$ cat input.txt   # compact mmCIF, C-alpha atoms
# COMPACT_ATOMS: atom_id res chain seq x y z
CA MET T 128 39.02 -36.78 -4.67
CA SER T 129 42.74 -36.30 -5.23
CA SER T 130 45.16 -36.36 -2.31
CA SER T 131 45.58 -32.59 -2.50
CA ASP T 132 41.85 -31.79 -2.30
CA PRO T 133 40.62 -30.42 1.01
CA ALA T 134 37.74 -32.37 2.57
CA ILE T 135 35.67 -29.18 2.52
CA ARG T 136 36.24 -25.93 0.69
CA CYS T 137 33.95 -22.91 0.91
CA ASP T 138 34.80 -19.91 -1.21
CA ALA T 139 32.76 -16.78 -0.47
CA VAL T 140 29.61 -18.83 0.13
CA SER T 141 26.38 -16.96 0.82
CA ARG T 142 22.86 -18.13 1.52
CA ARG T 143 19.66 -16.15 2.01
CA TYR T 144 16.30 -17.00 3.55
CA GLY T 145 14.04 -14.50 1.86
CA GLU T 146 15.59 -11.11 2.54
CA ARG T 147 17.71 -12.32 5.45
CA LEU T 148 21.32 -13.18 4.75
CA ALA T 149 22.06 -16.32 6.80
CA LEU T 150 25.60 -16.81 5.48
CA ASP T 151 27.61 -13.93 4.10
CA ARG T 152 30.64 -14.74 1.91
CA VAL T 153 32.06 -17.42 4.19
CA SER T 154 35.38 -18.92 3.08
CA LEU T 155 37.07 -21.81 4.84
CA GLU T 156 38.93 -25.05 4.24
CA VAL T 157 38.92 -28.26 6.23
CA GLN T 158 41.61 -30.83 5.55
CA PRO T 159 40.97 -34.60 5.40
CA GLY T 160 41.02 -36.09 8.89
CA GLU T 161 40.66 -32.71 10.55
CA ARG T 162 38.08 -32.04 13.29
CA VAL T 163 36.53 -28.61 13.25
CA LEU T 164 34.18 -26.97 15.71
CA LEU T 165 31.75 -24.35 14.46
CA THR T 166 30.88 -21.98 17.25
CA GLY T 167 28.74 -18.89 17.49
CA GLY T 168 25.47 -17.67 18.92
CA ASN T 169 21.98 -18.53 17.75
CA GLY T 170 21.45 -17.45 14.14
CA ALA T 171 25.19 -17.30 13.44
CA GLY T 172 24.78 -19.54 10.37
CA LYS T 173 26.19 -22.82 11.74
CA THR T 174 23.17 -24.94 10.83
CA THR T 175 22.85 -23.34 7.40
CA LEU T 176 26.50 -24.13 6.64
CA LEU T 177 26.12 -27.75 7.79
CA ARG T 178 22.93 -28.21 5.75
CA MET T 179 24.71 -26.91 2.66
CA LEU T 180 27.60 -29.31 3.24
CA ALA T 181 25.05 -32.13 3.67
CA THR T 182 23.68 -31.20 0.21
CA VAL T 183 20.17 -30.39 1.42
CA LEU T 184 20.58 -26.63 0.81
CA ARG T 185 22.23 -24.92 -2.15
CA PRO T 186 24.51 -21.93 -1.82
CA HIS T 187 23.08 -18.82 -3.45
CA GLU T 188 26.54 -17.38 -4.13
CA GLY T 189 30.10 -18.62 -3.98
CA ALA T 190 31.68 -22.02 -4.56
CA LEU T 191 31.37 -25.04 -2.29
CA ALA T 192 33.13 -28.37 -2.68
CA VAL T 193 33.14 -31.52 -0.53
CA ALA T 194 35.87 -34.14 -1.10
CA GLY T 195 36.79 -32.29 -4.27
CA HIS T 196 33.25 -32.47 -5.68
CA PRO T 197 31.63 -29.12 -6.42
CA LEU T 198 28.15 -28.61 -4.96
CA PRO T 199 25.36 -28.78 -5.90
CA ARG T 200 26.49 -30.17 -9.28
CA GLU T 201 28.09 -33.33 -7.89
CA ALA T 202 25.84 -33.77 -4.85
CA ARG T 203 25.15 -37.40 -5.81
CA ARG T 204 28.85 -38.21 -5.38
CA VAL T 205 29.08 -36.37 -2.08
CA ARG T 206 26.06 -37.93 -0.32
CA PRO T 207 27.54 -41.40 0.27
CA LEU T 208 30.60 -39.76 1.84
CA VAL T 209 28.71 -37.65 4.36
CA GLY T 210 26.95 -38.51 7.63
CA TYR T 211 24.64 -35.74 8.77
CA LEU T 212 23.17 -35.24 12.23
CA GLY T 213 20.63 -32.45 12.07
CA HIS T 214 18.91 -30.22 14.58
CA GLU T 215 15.97 -32.66 14.57
CA PRO T 216 16.55 -36.42 14.99
CA LEU T 217 15.30 -36.94 11.37
CA VAL T 218 13.61 -40.22 12.31
CA TYR T 219 9.98 -41.36 12.00
CA PRO T 220 8.30 -41.40 15.44
CA GLY T 221 5.93 -44.17 14.31
CA LEU T 222 8.77 -46.56 13.40
CA THR T 223 10.92 -48.47 15.86
CA ALA T 224 14.60 -47.61 16.32
CA GLY T 225 15.51 -50.68 14.25
CA GLU T 226 13.00 -49.92 11.50
CA ASN T 227 14.26 -46.34 11.20
CA LEU T 228 17.83 -47.53 10.76
CA GLU T 229 16.78 -50.30 8.34
CA LEU T 230 15.08 -47.62 6.24
CA TYR T 231 18.14 -45.38 6.25
CA ALA T 232 20.44 -48.35 5.55
CA ALA T 233 18.41 -49.01 2.40
CA LEU T 234 18.55 -45.32 1.42
CA GLN T 235 22.28 -45.14 2.09
CA GLY T 236 23.02 -48.42 0.38
CA ALA T 237 24.55 -49.75 3.61
CA ALA T 238 24.55 -53.45 4.50
CA PRO T 239 21.53 -54.44 6.66
CA ASP T 240 23.83 -55.84 9.36
CA ARG T 241 25.12 -52.32 9.97
CA VAL T 242 21.88 -51.58 11.83
CA GLY T 243 22.76 -53.75 14.81
CA ALA T 244 26.32 -52.45 14.91
CA ALA T 245 25.18 -48.82 14.82
CA LEU T 246 22.64 -49.38 17.59
CA GLU T 247 25.32 -51.04 19.71
CA LEU T 248 27.68 -48.15 19.10
CA VAL T 249 25.24 -45.72 20.73
CA GLY T 250 23.98 -48.12 23.41
CA LEU T 251 20.50 -48.66 21.96
CA GLU T 252 20.75 -52.36 21.11
CA ARG T 253 18.12 -53.25 23.74
CA ARG T 254 15.75 -50.56 22.45
CA ARG T 255 15.77 -51.75 18.84
CA GLY T 256 12.07 -52.70 18.97
CA ASP T 257 10.91 -49.51 20.72
CA LEU T 258 9.01 -46.90 18.75
CA ALA T 259 11.07 -43.74 18.30
CA SER T 260 8.15 -41.78 19.78
CA ASN T 261 8.57 -43.77 23.01
CA LEU T 262 12.26 -42.93 23.34
CA SER T 263 13.40 -40.07 25.55
CA ARG T 264 14.95 -36.97 23.95
CA GLY T 265 18.43 -38.26 24.73
CA MET T 266 17.65 -41.73 23.32
CA ARG T 267 16.32 -40.15 20.12
CA GLN T 268 19.55 -38.17 19.86
CA ARG T 269 21.51 -41.43 20.19
CA LEU T 270 19.33 -42.91 17.46
CA ALA T 271 20.02 -39.87 15.28
CA LEU T 272 23.73 -40.36 15.87
CA ALA T 273 23.43 -44.03 14.90
CA ARG T 274 21.63 -42.94 11.72
CA ALA T 275 24.42 -40.50 10.86
CA VAL T 276 27.22 -43.08 11.20
CA LEU T 277 25.27 -46.05 9.79
CA HIS T 278 27.06 -46.12 6.43
CA ARG T 279 30.53 -45.37 7.85
CA PRO T 280 30.84 -41.93 6.25
CA ARG T 281 34.24 -40.30 5.74
CA ILE T 282 32.89 -36.88 6.66
CA LEU T 283 30.72 -36.32 9.73
CA LEU T 284 28.55 -33.20 9.92
CA LEU T 285 27.11 -32.93 13.41
CA ASP T 286 24.76 -30.15 14.46
CA GLU T 287 24.89 -29.77 18.25
CA PRO T 288 25.39 -33.50 18.82
CA THR T 289 25.50 -33.30 22.63
CA THR T 290 21.91 -32.01 22.86
CA GLY T 291 19.91 -34.15 25.27
CA LEU T 292 22.67 -36.70 25.84
CA ASP T 293 23.35 -38.00 29.35
CA ASP T 294 26.88 -38.72 30.63
CA ASP T 295 26.96 -42.18 29.05
CA GLY T 296 25.71 -40.81 25.75
CA ARG T 297 28.35 -38.09 25.80
CA GLU T 298 31.10 -40.60 26.49
CA ARG T 299 29.91 -42.72 23.60
CA LEU T 300 29.88 -39.66 21.35
CA ARG T 301 33.42 -38.79 22.41
CA GLY T 302 34.55 -42.37 21.79
CA LEU T 303 32.87 -42.38 18.40
CA LEU T 304 34.58 -39.15 17.39
CA ALA T 305 37.96 -40.31 18.70
CA ALA T 306 37.68 -43.52 16.67
CA HIS T 307 36.55 -41.69 13.51
CA ASP T 308 39.61 -41.22 11.33
CA GLY T 309 37.81 -39.09 8.75
CA THR T 310 36.82 -35.45 8.83
CA ALA T 311 34.31 -34.03 11.32
CA VAL T 312 32.60 -30.65 11.37
CA ILE T 313 30.65 -30.09 14.56
CA SER T 314 28.52 -27.14 15.56
CA THR T 315 28.26 -26.63 19.29
CA HIS T 316 27.68 -24.25 22.16
CA GLU T 317 30.02 -26.36 24.31
CA PRO T 318 33.45 -25.99 22.68
CA GLU T 319 35.30 -26.82 25.91
CA TRP T 320 33.73 -30.27 26.03
CA PHE T 321 35.25 -31.10 22.64
CA ALA T 322 38.70 -29.66 23.45
CA PRO T 323 40.31 -33.06 24.33
CA LEU T 324 39.59 -34.20 20.75
CA HIS T 325 42.13 -31.71 19.36
CA VAL T 326 39.73 -29.65 17.35
CA ARG T 327 40.17 -26.45 15.37
CA ARG T 328 37.63 -23.77 16.20
CA ILE T 329 35.91 -21.63 13.61
CA ALA T 330 33.65 -18.94 14.98
CA LEU T 331 30.70 -17.53 13.09
CA ALA T 332 28.77 -14.38 13.95
CA GLU T 333 25.72 -13.14 12.06
CA GLY T 334 26.58 -15.26 9.04
CA ARG T 335 30.23 -14.23 8.78
CA LEU T 336 33.52 -15.63 10.02
CA ALA T 337 34.18 -13.91 13.33
CA MET X 51 14.68 -50.82 -5.92
CA ARG X 52 15.84 -51.45 -2.34
CA ALA X 53 15.16 -47.81 -1.44
CA TYR X 54 11.69 -47.98 -3.04
CA ARG X 55 10.80 -51.14 -1.12
CA ALA X 56 12.06 -49.69 2.17
CA LEU X 57 10.13 -46.43 1.66
CA LEU X 58 6.92 -48.26 0.73
CA ARG X 59 7.27 -50.52 3.77
CA LYS X 60 7.69 -47.39 5.88
CA ASP X 61 4.54 -45.76 4.45
CA LEU X 62 2.45 -48.92 4.96
CA LEU X 63 3.80 -49.52 8.48
CA LEU X 64 3.07 -45.94 9.51
CA GLU X 65 -0.51 -46.20 8.20
CA TRP X 66 -1.02 -49.60 9.81
CA ARG X 67 0.13 -48.30 13.19
CA GLY X 68 -1.33 -44.81 13.00
CA ARG X 69 -4.55 -45.68 11.13
CA GLU X 70 -4.67 -42.08 10.07
CA LEU X 71 -5.72 -42.08 6.42
CA VAL X 72 -7.73 -45.16 5.44
CA PRO X 73 -10.32 -44.91 8.25
CA ALA X 74 -10.80 -41.20 7.44
CA MET X 75 -11.19 -42.00 3.74
CA LEU X 76 -13.71 -44.75 4.48
CA ALA X 77 -15.65 -42.47 6.80
CA PHE X 78 -15.73 -39.78 4.10
CA VAL X 79 -16.98 -42.22 1.43
CA LEU X 80 -19.65 -43.59 3.72
CA GLY X 81 -20.69 -40.14 4.95
CA ALA X 82 -20.90 -38.63 1.45
CA MET X 83 -22.96 -41.49 0.04
CA VAL X 84 -25.33 -41.63 2.99
CA LEU X 85 -25.79 -37.84 2.85
CA VAL X 86 -26.68 -37.89 -0.84
CA ARG X 87 -28.88 -40.97 -0.49
CA PHE X 88 -30.92 -39.50 2.31
CA GLY X 89 -30.75 -36.03 0.78
CA LEU X 90 -32.59 -37.42 -2.23
CA GLY X 91 -35.34 -38.64 0.09
CA GLY X 92 -35.88 -41.89 -1.78
CA GLU X 93 -35.87 -40.24 -5.24
CA THR X 94 -33.39 -41.29 -7.94
CA LEU X 95 -30.82 -38.84 -9.27
CA ALA X 96 -32.37 -36.71 -12.04
CA GLY X 97 -29.52 -37.42 -14.44
CA GLY X 98 -29.93 -41.19 -14.09
CA THR X 99 -26.98 -43.50 -14.45
CA ARG X 100 -24.61 -40.80 -15.70
CA ALA X 101 -25.36 -38.53 -12.71
CA ALA X 102 -24.94 -41.44 -10.29
CA THR X 103 -21.59 -42.48 -11.75
CA GLY X 104 -20.49 -38.83 -11.79
CA LEU X 105 -21.26 -38.74 -8.09
CA LEU X 106 -19.17 -41.88 -7.54
CA TRP X 107 -16.16 -40.38 -9.30
CA VAL X 108 -16.46 -37.03 -7.55
CA ILE X 109 -16.42 -38.92 -4.26
CA VAL X 110 -13.36 -40.89 -5.43
CA VAL X 111 -11.49 -37.68 -6.30
CA PHE X 112 -12.36 -35.94 -3.04
CA THR X 113 -11.46 -39.05 -1.06
CA SER X 114 -8.06 -39.03 -2.73
CA MET X 115 -7.63 -35.40 -1.61
CA LEU X 116 -7.80 -36.59 1.98
CA ALA X 117 -4.83 -38.88 1.37
CA LEU X 118 -2.90 -36.34 -0.68
CA VAL X 119 -3.08 -33.43 1.76
CA ARG X 120 -1.48 -35.72 4.36
CA SER X 121 1.21 -36.92 1.94
CA PHE X 122 4.69 -36.18 3.29
CA ALA X 123 3.10 -34.79 6.48
CA GLN X 124 5.52 -36.74 8.71
CA GLU X 125 8.51 -35.62 6.68
CA ARG X 126 7.35 -32.00 6.99
CA GLU X 127 6.30 -32.03 10.64
CA HIS X 128 9.40 -33.84 11.93
CA GLY X 129 11.93 -32.24 9.58
CA ILE X 130 12.69 -35.64 8.03
CA TRP X 131 13.17 -34.20 4.53
CA ASP X 132 16.75 -33.28 5.52
CA GLY X 133 17.39 -36.90 6.47
CA LEU X 134 15.96 -38.29 3.23
CA LEU X 135 17.60 -35.70 1.00
CA SER X 136 21.03 -36.12 2.56
CA THR X 137 21.07 -39.78 1.41
CA PRO X 138 22.16 -40.84 -2.08
CA ALA X 139 18.80 -42.57 -2.71
CA ASP X 140 17.08 -41.69 -5.96
CA ARG X 141 14.43 -39.04 -5.24
CA SER X 142 12.04 -40.72 -7.65
CA ALA X 143 11.98 -43.71 -5.26
CA ILE X 144 10.42 -41.42 -2.62
CA TRP X 145 7.75 -40.36 -5.13
CA ALA X 146 7.13 -43.92 -6.39
CA ALA X 147 6.73 -45.30 -2.86
CA ARG X 148 4.33 -42.53 -1.87
CA ALA X 149 2.32 -43.00 -5.09
CA THR X 150 2.13 -46.76 -4.53
CA ALA X 151 0.93 -46.31 -0.95
CA THR X 152 -1.72 -43.78 -2.05
CA PHE X 153 -2.83 -46.16 -4.81
CA LEU X 154 -3.24 -48.99 -2.32
CA PHE X 155 -5.17 -46.80 0.14
CA LEU X 156 -7.51 -45.64 -2.64
CA ALA X 157 -8.08 -49.18 -3.92
CA LEU X 158 -8.84 -50.34 -0.38
CA THR X 159 -11.37 -47.53 0.06
CA GLN X 160 -13.12 -48.47 -3.19
CA VAL X 161 -13.63 -52.04 -2.03
CA VAL X 162 -16.21 -50.43 0.26
CA ALA X 163 -17.25 -47.49 -1.93
CA VAL X 164 -18.28 -49.36 -5.08
CA PRO X 165 -20.69 -51.89 -3.48
CA LEU X 166 -22.20 -49.02 -1.48
CA PHE X 167 -22.63 -47.01 -4.66
CA TRP X 168 -24.51 -49.86 -6.31
CA LEU X 169 -26.59 -50.44 -3.24
CA PHE X 170 -27.58 -46.79 -2.83
CA PHE X 171 -27.91 -45.52 -6.38
CA LEU X 172 -28.31 -48.37 -8.89
CA GLN X 173 -30.91 -50.80 -7.66
CA GLU X 174 -32.75 -51.40 -10.92
CA GLY X 175 -31.31 -54.77 -11.75
CA ARG X 176 -28.59 -53.50 -14.05
CA SER X 177 -25.47 -55.60 -13.61
CA PRO X 178 -22.19 -53.89 -14.30
CA SER X 179 -19.33 -55.29 -16.32
CA LEU X 180 -17.15 -55.83 -13.29
CA GLY X 181 -13.90 -56.38 -15.20
CA VAL X 182 -14.12 -53.07 -17.05
CA LEU X 183 -15.16 -51.21 -13.91
CA VAL X 184 -12.29 -52.63 -11.86
CA ALA X 185 -9.82 -51.86 -14.68
CA ALA X 186 -11.15 -48.29 -14.93
CA LEU X 187 -10.95 -47.79 -11.16
CA LEU X 188 -7.41 -49.16 -10.89
CA LEU X 189 -6.14 -47.11 -13.84
CA ALA X 190 -7.80 -43.98 -12.49
CA ASP X 191 -6.44 -44.61 -8.98
CA LEU X 192 -2.96 -45.00 -10.43
CA GLY X 193 -3.23 -41.67 -12.25
CA VAL X 194 -4.58 -39.93 -9.15
CA ALA X 195 -1.81 -41.40 -6.98
CA MET X 196 1.06 -40.57 -9.36
CA LEU X 197 -0.06 -37.03 -10.20
CA GLY X 198 -1.19 -36.36 -6.64
CA SER X 199 2.11 -37.47 -5.11
CA LEU X 200 4.02 -35.23 -7.49
CA LEU X 201 1.84 -32.23 -6.63
CA ALA X 202 1.95 -33.08 -2.90
CA GLY X 203 5.74 -32.98 -3.13
CA LEU X 204 5.51 -29.61 -4.88
CA ALA X 205 3.21 -28.23 -2.18
CA THR X 206 5.13 -29.67 0.76
CA HIS X 207 7.27 -26.58 1.37
CA VAL X 208 4.44 -24.11 0.78
CA ARG X 209 2.74 -22.58 3.79
CA ALA X 210 -0.81 -22.70 2.32
CA ARG X 211 -0.38 -26.27 1.04
CA GLU X 212 -3.86 -27.45 2.13
CA VAL X 213 -5.36 -24.77 -0.11
CA LEU X 214 -2.82 -24.93 -2.92
CA LEU X 215 -2.90 -28.69 -3.42
CA PRO X 216 -6.61 -28.95 -4.37
CA VAL X 217 -6.28 -25.86 -6.58
CA MET X 218 -3.43 -27.52 -8.50
CA PHE X 219 -4.85 -31.03 -8.42
CA LEU X 220 -8.51 -30.70 -9.36
CA PRO X 221 -8.08 -29.20 -12.88
CA PHE X 222 -5.92 -32.20 -13.82
CA MET X 223 -8.76 -34.47 -12.71
CA LEU X 224 -11.20 -33.13 -15.30
CA PRO X 225 -10.16 -35.37 -18.24
CA LEU X 226 -9.74 -38.37 -15.96
CA VAL X 227 -13.18 -38.01 -14.36
CA THR X 228 -14.85 -37.33 -17.72
CA VAL X 229 -13.47 -40.52 -19.24
CA ALA X 230 -13.98 -42.56 -16.08
CA VAL X 231 -17.65 -41.56 -15.90
CA ARG X 232 -18.19 -42.57 -19.56
CA LEU X 233 -16.47 -45.87 -18.91
CA THR X 234 -18.55 -46.58 -15.83
CA VAL X 235 -21.76 -45.69 -17.63
CA ASP X 236 -20.71 -48.08 -20.42
CA THR X 237 -20.34 -50.90 -17.93
CA ILE X 238 -23.99 -50.41 -16.97
CA SER X 239 -25.41 -49.73 -20.47
CA PRO X 240 -24.11 -52.64 -22.59
CA GLN X 241 -25.30 -51.23 -25.93
CA THR X 242 -22.52 -48.63 -25.94
CA ARG X 243 -19.81 -51.01 -24.78
CA GLY X 244 -16.87 -51.90 -27.02
CA PHE X 245 -15.74 -48.77 -28.76
CA HIS X 246 -15.94 -46.50 -25.72
CA THR X 247 -14.45 -49.09 -23.40
CA SER X 248 -11.22 -49.72 -25.27
CA GLN X 249 -10.86 -46.02 -26.06
CA GLY X 250 -11.53 -45.04 -22.45
CA LEU X 251 -9.17 -47.58 -20.91
CA GLY X 252 -6.52 -46.59 -23.45
CA PHE X 253 -6.93 -42.93 -22.47
CA LEU X 254 -6.56 -43.76 -18.77
CA ALA X 255 -3.44 -45.84 -19.50
CA LEU X 256 -1.98 -42.93 -21.49
CA TYR X 257 -2.82 -40.51 -18.66
CA ASP X 258 -1.00 -42.81 -16.21
CA THR X 259 2.01 -43.14 -18.50
CA ILE X 260 2.34 -39.36 -18.91
CA PHE X 261 2.10 -38.57 -15.20
CA GLY X 262 4.20 -41.59 -14.31
CA LEU X 263 7.01 -40.31 -16.50
CA LEU X 264 6.57 -36.73 -15.25
CA GLY X 265 6.61 -37.82 -11.61
CA TRP X 266 9.67 -40.00 -12.14
CA ALA X 267 11.57 -37.27 -13.96
CA LEU X 268 10.49 -34.18 -12.01
CA PHE X 269 10.24 -35.20 -8.37
CA GLU X 270 13.92 -34.52 -7.74
CA PHE X 271 13.50 -30.91 -8.87
CA VAL X 272 10.28 -30.59 -6.90
CA VAL X 273 11.67 -31.56 -3.48
CA GLU X 274 15.27 -30.41 -3.65
CA ASP X 275 16.23 -26.90 -2.61

$ encode --input "input.txt" --output "structure tokens"
Amino acid sequence: MSSSDPAIRCDAVSRRYGERLALDRVSLEVQPGERVLLTGGNGAGKTTLLRMLATVLRPHEGALAVAGHPLPREARRVRPLVGYLGHEPLVYPGLTAGENLELYAALQGAAPDRVGAALELVGLERRRGDLASNLSRGMRQRLALARAVLHRPRILLLDEPTTGLDDDGRERLRGLLAAHDGTAVISTHEPEWFAPLHVRRIALAEGRLA
Amino acid sequence: MRAYRALLRKDLLLEWRGRELVPAMLAFVLGAMVLVRFGLGGETLAGGTRAATGLLWVIVVFTSMLALVRSFAQEREHGIWDGLLSTPADRSAIWAARATATFLFLALTQVVAVPLFWLFFLQEGRSPSLGVLVAALLLADLGVAMLGSLLAGLATHVRAREVLLPVMFLPFMLPLVTVAVRLTVDTISPQTRGFHTSQGLGFLALYDTIFGLLGWALFEFVVED
């Protein structure tokens, strides 16, 4: 990534699910260090855009680049740079919180001692030995957040990160975002809650920039 | 290698805690053999040793189907594919770990299945060549696990996966079962041993090599969007 490359560049990106157009020629740029909120109603295309940026979906049309690397061709170079929090917690219910993060640390190539630090960051250090299936919805969301930041990614992609979080969890999320000096793209239905973080808002409606 | 070890540990831990697959596979083996044994009403199988070993291998293949239809079930049901695929880990590590776990589950099931088979269907004093039989079983299990995990990955995003997987999987089992039956028969009938044994084990090793290479090379294209 050269210093002039945007962190994220979408150029007329489209994506279909069968006949339905989920994203329709969306173009946008996000600069390094910038925090962006994706807003819009259900089905606006926020999750689809985040999944494409996380390299788990391919664009059907248009050009997409993360940290200067075109996708999907250079997805391997993008993945270590990105931390993705999905709609689901993306953890195994039959593994403990610690085991889930140890697995993802191995997959991310992160140091094993990052597991304890990530759990502490989200306030789950005392629940390390608890099965994920025994955690409340909010606790699982904290675990998902820990999973997303485990490898200290430069670019955070967070899909409705406040879902299920209590006041303490929200404060921790805000602190985590404030301390993150990289780029963050966050989809949310609560844009006002993120306002103190000096975010730029991008609105989507029916797959297009509103 | 670290990713492979972590994924295999995950698969074994989930089975140990959930006890979902191995008990079901053991129950199937036991049920199928008891059904056939009592269905025969004390008679021996008309085809003799070859029919009995054919039965053993058909049970092995159908037992493996139980494991394969549940392959990647957690990833599918809890949306975990997105988590795995957003990491830089080599996709072939996911396949290799799943294949290894399936291989271990199959081998564990056969520790029960093979003595039962001898007890129920071959009680005429014929002693098998245990080394050849174990080698044949392990090589066949490896082939089943590697091919099956590749096809299970292919079927994972398909709605009718429980139907599609056996339809894709069973035709590939034909050469493996044919050779495995001949090998097993050879372990019981010593006069044919030697030529068939080395040829048969060589074929199974070749089968494993082919589907090992295919699984390693193709799994990325199978699971990615």

$ residues_around --input "input.txt" --residues "region 262-266 of chain X" --least-positions-apart "2" --cutoff "6 Å" --atoms "all atoms listed in the file" --output "list in words"
Ser142, Met196, Leu200, Asp258, Thr259, Ile260, Leu268 and Phe269 of chain X

$ atom_distance --input "input.txt" --atom1 "CA of Gln124 (chain X)" --atom2 "CA of Leu303 (chain T)"
29.6 Å

$ interface_residues --input "input.txt" --of "chain T" --to "chain X" --cutoff "9 Å" --atoms "only C-alpha atoms" --output "ChimeraX atom specification"
/T:178,181-185,202-207,209-222,226-227,229-236

$ residues_around --input "input.txt" --residues "Leu228 (chain T)" --least-positions-apart "6" --cutoff "9 Å" --atoms "all atoms listed in the file" --output "compact mmCIF listing (two decimals) with C-alpha atoms, in the coordinates of the input"
# COMPACT_ATOMS: atom_id res chain seq x y z
CA VAL T 218 13.61 -40.22 12.31
CA PRO T 239 21.53 -54.44 6.66
CA ARG T 241 25.12 -52.32 9.97
CA VAL T 242 21.88 -51.58 11.83
CA GLY T 243 22.76 -53.75 14.81
CA ALA T 245 25.18 -48.82 14.82
CA LEU T 246 22.64 -49.38 17.59
CA LEU T 270 19.33 -42.91 17.46
CA ALA T 273 23.43 -44.03 14.90
CA ARG T 274 21.63 -42.94 11.72
CA LEU T 277 25.27 -46.05 9.79

$ atom_distance --input "input.txt" --atom1 "CA of Gly309 (chain T)" --atom2 "CA of Arg264 (chain T)"
27.5 Å

$ residues_around --input "input.txt" --residues "Glu333 (chain T)" --least-positions-apart "4" --cutoff "10 Å" --atoms "only C-alpha atoms" --output "PyMOL selection string"
chain T and resi 148-151+167-173+337

$ closest_residue --input "input.txt" --among "X:Asp236, X:Glu270, X:Asp191, X:Glu212" --to "Val110 (chain X)" --atoms "only C-alpha atoms"
X:Asp191

$ residues_around --input "input.txt" --residues "region 281-291 of chain T" --least-positions-apart "5" --cutoff "9 Å" --atoms "all atoms listed in the file" --output "PyMOL selection string"
chain T and resi 134+159-160+173-174+177-178+180-181+193-194+207-214+263-269+272+275-276+296-297+300+307-317

$ atom_distance --input "input.txt" --atom1 "CA of Leu90 (chain X)" --atom2 "CA of Met75 (chain X)"
22.7 Å

$ residues_around --input "input.txt" --residues "Ser179 (chain X)" --least-positions-apart "5" --cutoff "9 Å" --atoms "all atoms listed in the file" --output "JSON, numbers by chain"
{"X": [184, 234, 236, 237, 238, 240]}

$ write_last_selection --input "input.txt" --atoms "C-alpha atoms" --output "mmCIF file, keeping the file's coordinate frame"
data_model
loop_
_atom_site.group_PDB
_atom_site.id
_atom_site.type_symbol
_atom_site.label_atom_id
_atom_site.label_comp_id
_atom_site.auth_asym_id
_atom_site.auth_seq_id
_atom_site.Cartn_x
_atom_site.Cartn_y
_atom_site.Cartn_z
ATOM 1 C CA VAL X 184 -12.290 -52.630 -11.860
ATOM 2 C CA THR X 234 -18.550 -46.580 -15.830
ATOM 3 C CA ASP X 236 -20.710 -48.080 -20.420
ATOM 4 C CA THR X 237 -20.340 -50.900 -17.930
ATOM 5 C CA ILE X 238 -23.990 -50.410 -16.970
ATOM 6 C CA PRO X 240 -24.110 -52.640 -22.590
#

$ decode --input "input.txt" --residues "region 197-205 of chain T" --atoms "N, CA, C and O atoms" --output "short mmCIF file (atom, residue, chain, number, x, y, z; two decimals), in the first residue's frame"
data_model
loop_
_atom_site.label_atom_id
_atom_site.label_comp_id
_atom_site.auth_asym_id
_atom_site.auth_seq_id
_atom_site.Cartn_x
_atom_site.Cartn_y
_atom_site.Cartn_z
N PRO T 197 -6.21 -4.96 -5.08
CA PRO T 197 -7.48 -5.25 -5.75
C PRO T 197 -8.06 -6.59 -5.30
O PRO T 197 -7.33 -7.55 -5.10
N LEU T 198 -9.39 -6.57 -5.12
CA LEU T 198 -10.10 -7.80 -4.71
C LEU T 198 -10.92 -8.33 -5.88
O LEU T 198 -11.42 -7.53 -6.66
N PRO T 199 -11.07 -9.63 -6.00
CA PRO T 199 -10.59 -10.68 -5.09
C PRO T 199 -9.16 -11.15 -5.38
O PRO T 199 -8.66 -12.02 -4.68
N ARG T 200 -8.49 -10.56 -6.38
CA ARG T 200 -7.20 -11.11 -6.83
C ARG T 200 -6.16 -11.15 -5.70
O ARG T 200 -5.43 -12.11 -5.57
N GLU T 201 -6.12 -10.11 -4.89
CA GLU T 201 -5.10 -10.05 -3.84
C GLU T 201 -5.71 -10.21 -2.44
O GLU T 201 -5.25 -9.59 -1.48
N ALA T 202 -6.75 -11.03 -2.37
CA ALA T 202 -7.45 -11.24 -1.09
C ALA T 202 -6.49 -11.74 -0.01
O ALA T 202 -6.61 -11.36 1.16
N ARG T 203 -5.55 -12.58 -0.39
CA ARG T 203 -4.61 -13.13 0.60
C ARG T 203 -3.81 -12.03 1.30
O ARG T 203 -3.43 -12.16 2.46
N ARG T 204 -3.54 -10.94 0.58
CA ARG T 204 -2.75 -9.86 1.18
C ARG T 204 -3.64 -8.94 2.01
O ARG T 204 -3.14 -8.22 2.88
N VAL T 205 -4.93 -8.96 1.71
CA VAL T 205 -5.85 -8.09 2.45
C VAL T 205 -6.25 -8.70 3.80
O VAL T 205 -6.37 -8.00 4.80
#
